[in-house]
Amino acid sequence: MREANFESALSDRISEMVDSCIGCGKCVESCPSVAPAGIAEVPSTAIIAGVLDLLRTGEGEDASRRWAQACTLSGECIKACDYGVNPRFLLAMTRVSLLQAQKTPAERRRDGVARYRDTSRDVAVLSRLQLEGTVLDRLGQRAQSVAKPSEAPQFVFYTGCNVLKTPHIALLALDIMDRLGSTYQVMGGPSHCCGIQQMRTGDMEMSGRLGTNSIEKMSHSKSGQVLSWCPSCQVQFTETTLPVIERLRGSKPFEMIPFIRFLRSELDHLKPHLSGRVALRVALHKHPGVAGVVEAATEILHAIPGVELVDLQQPAVGLQSVNLGVLPGYKRQLQRNELEAARRAGVDALVAVYHSDHRELCAHERDWPFRIVNLLELVGQSMGLQQHDRFKELKLMQDADLIVAECQDLIAEHQLDSALARAVVVNAMLGEQPLPLQARPTQATPGTGAAAPPVEQR
């Protein structure tokens with residue numbers, strides 16, 4: 001498949017969807033980003049009309065530009081549309097159009113390469129500060145671990161890139177699949193890029209090329225299913241790349257299923273393995289951007305013996321925590337309100353699903369009277385499975401020099417540069433703290449590491 005064909009088919013898909021939109025404005029009215037973006041007073045019909053104009057001609061209302069830039073990928077707009085239009089996809093293509101109007105192709109290519117390089121570096125360093133080589137092999141992160149197997153597995157398990165920064169989550173997913181008797185091949189990381197970094201810089205040629213190449217590598221499971229962990233990759237593949245490939249070939253090479261929804265579909269097989277009682281009062285940190293995931297996570301928590309699930313009555317917004325970064329003040333407010341609600345509710349743990357949620361929230365465990373855990377940790381605990389959360393342990397230290405010193409054995413094993421490792425820790429671990437830690441921390445929760453002064457936020 002030539003990349004030019006990909007871009008042409010993508011353009012046709014955009015045009016058809018634009019023509020299908022009647023401009024009723026229901027998508028705008030359902031969107032949680034409208035008020036914090038400061039455009040609530042603009043008529044919803046004018047905002048969506050401006051988006052259609054931007055996609056057709058490159059010209060449109062300022063409020064429409066602001067709406068596109070403020071999209072947190074919550075997906076409420078998709079639910080609101082009665083005409084089969086995907087407004088979230090149209091907003092993504094609007095952002096691409098705006099970037100293409102602002103920068104030359106060469107500039108967009110350079111920006112995409114820089115973002116890809118930075119992501120690759122951060123993923124490689126943070127995973128290697130936590131994992132030995134044999135474990136990296138298990139996660140498909142060395143050349144010999146991604147060779148095509150002699151017999152097709154039931155599933156391809158696609159990690160995406162950034163979950164490798166919190167590898168205990170991905171390892172627990174594999175442990176659970178092993179216990180269920182599922183066969184799989186693990187793919188992911190920068191060598192299996194979904195193309196989202198390039199799309200975010202407006203370089204659709206490279207985005208299509210990378211995404212298509214990764215799809216070719218993943219197209220060999222017996223079930224015709226790829227189980228995905230990362231919600232950003234899920235949206236990128238299922239709303240952009242796979243529909244274009246289907247348009248060009250007449251069929252999709254596979255169905256991509258979010259892992260948590262897969263786990264719910266296997267709940268009858270999973271329940272006999274949930275034999276250990278987990279006596280915890282918990283609340284679920286919710287993001288609704290991938291349809292059915294919050295509902296699946298809720299059902300899984302209800303299936304764990306001893307778990308008491310409390311509804312904090314907080315808004316569920318965005319695809320995952322990182323996507324709320326387009327509205328930083330709103331994001332901090334949501335996170336602060338949720339932590340306060342969890343304290344009032346007297347929970348033992350705030351349970352997140354996705355990796356970016358865990359990275360951004362876990363250090364707050366230092367200051368609040370409850371744990372921050374991933375859903376799979378509770379599933380694993382009931383099943384007698386455990387993977388150490390080294391990321392949280394390191395981040396709670398809140399000292400880059402101490403973290404690097406703590407990881408010297410792995411730095412030596414992987415032949416990492418200590419100065420580079422420290423820079424990545426500062427920026428990609430400690431610097432990823434949208435809601436600052438408390439200035440005068442309370443005593444750390446036993447077993448979670450000593451309290452330390454907060455780092456300066458970037």
# chains A, B, ... in the order shown; residues from 1 in each chain; ligands from 1
$ select_by_dssp --residues "region 115-212 of chain A" --states "helix (DSSP H, G or I)" --output "VMD selection string"
chain A and resid 115 to 128 133 to 138 143 to 145 162 to 165 167 to 180 190 to 192 196 to 200 204 to 212
$ residues_around --residues "region 117-129 of chain A" --least-positions-apart "6" --cutoff "7 Å" --atoms "only C-alpha atoms" --output "PyMOL selection string"
chain A and resi 161-162+164-165+167+190+407+410-411+414+421+424+428
$ closest_residue --among "A:Arg95, A:Arg109, A:Arg371, A:Arg138" --to "Asp175 (chain A)" --atoms "only C-alpha atoms"
A:Arg138
$ atom_distance --atom1 "CA of Lys271 (chain A)" --atom2 "CA of Gly306 (chain A)"
13.2 Å
$ residues_around --residues "Glu16 (chain A)" --least-positions-apart "5" --cutoff "12 Å" --atoms "only C-alpha atoms" --output "number ranges by chain"
A: 9-11, 21, 52, 55-56, 84-86, 90
$ closest_atom_pairs --of "region 69-122 of chain A" --to "region 284-292 of chain A" --cutoff "10 Å" --atoms "only C-alpha atoms" --output "CSV"
residue,atom,partner,partner_atom,distance
A:Thr72,CA,A:Gly289,CA,8.5
A:Leu73,CA,A:Gly289,CA,5.8
A:Ser74,CA,A:Gly289,CA,4.2
A:Gly75,CA,A:Gly289,CA,4.9
A:Glu76,CA,A:Gly289,CA,7.7
A:Ile78,CA,A:Gly289,CA,9.8
A:Lys79,CA,A:Ala291,CA,9.3
A:Arg88,CA,A:Gly289,CA,10.0
$ closest_atom_pairs --of "region 173-203 of chain A" --to "region 265-270 of chain A" --cutoff "10 Å" --atoms "only C-alpha atoms" --output "JSON lines"
{"residue": "A:Ile176", "atom": "CA", "partner": "A:Leu270", "partner_atom": "CA", "distance": 8.7}
{"residue": "A:Met177", "atom": "CA", "partner": "A:Leu270", "partner_atom": "CA", "distance": 9.6}
{"residue": "A:Arg179", "atom": "CA", "partner": "A:Leu270", "partner_atom": "CA", "distance": 8.7}
{"residue": "A:Leu180", "atom": "CA", "partner": "A:Leu270", "partner_atom": "CA", "distance": 6.9}
{"residue": "A:Gly181", "atom": "CA", "partner": "A:His269", "partner_atom": "CA", "distance": 9.9}
$ residues_around --residues "Glu255 (chain A)" --least-positions-apart "2" --cutoff "7 Å" --atoms "only C-alpha atoms" --output "list in words"
Gly224, Gln225, Val226 and Ile257 of chain A
$ closest_residue --among "A:Gly208, A:Gly431, A:Pro436, A:Gly160" --to "Tyr354 (chain A)" --atoms "only C-alpha atoms"
A:Gly160
$ atom_distance --atom1 "CA of Leu263 (chain A)" --atom2 "CA of Leu350 (chain A)"
20.2 Å
$ select_by_dssp --residues "region 19-250 of chain A" --states "strand (DSSP E)" --output "list in words"
Phe155, Val156, Phe157, Tyr158, Tyr184, Gln185, Val186, Met187, Gln225, Val226, Leu227 and Ser228 of chain A
$ write_last_selection --atoms "C-alpha atoms" --output "JSON list (two decimals), in the first residue's frame"
[["chain", "number", "residue", "atom", "x", "y", "z"],
["A", 155, "PHE", "CA", -4.19, -13.06, 20.41],
["A", 156, "VAL", "CA", -1.66, -10.35, 19.83],
["A", 157, "PHE", "CA", -1.31, -8.30, 23.01],
["A", 158, "TYR", "CA", -0.44, -4.76, 21.96],
["A", 184, "TYR", "CA", -0.51, -14.51, 22.81],
["A", 185, "GLN", "CA", 2.39, -12.63, 21.32],
["A", 186, "VAL", "CA", 3.37, -9.31, 22.86],
["A", 187, "MET", "CA", 4.01, -6.37, 20.54],
["A", 225, "GLN", "CA", -8.21, -10.04, 17.52],
["A", 226, "VAL", "CA", -5.57, -7.70, 18.89],
["A", 227, "LEU", "CA", -5.91, -6.92, 22.59],
["A", 228, "SER", "CA", -4.82, -3.35, 23.24]]
$ closest_residue --among "A:Ile48, A:Leu396, A:Ile304, A:Leu430" --to "Met383 (chain A)" --atoms "only C-alpha atoms"
A:Ile304
$ residues_around --residues "Leu301 (chain A)" --least-positions-apart "5" --cutoff "8 Å" --atoms "only C-alpha atoms" --output "JSON, numbers by chain"
{"A": [307, 309, 375, 379]}
$ residues_around --residues "region 339-343 of chain A" --least-positions-apart "5" --cutoff "9 Å" --atoms "only C-alpha atoms" --output "list of chain:residue names"
A:Val282, A:Ala283, A:Val310, A:Leu312, A:Gln313, A:Gln314, A:Leu334, A:Asp348, A:Ala349, A:Leu350, A:His364, A:Trp368, A:Pro369, A:Phe370
$ closest_residue --among "A:Cys193, A:Leu210, A:Met17, A:Ile260" --to "Leu376 (chain A)" --atoms "only C-alpha atoms"
A:Ile260
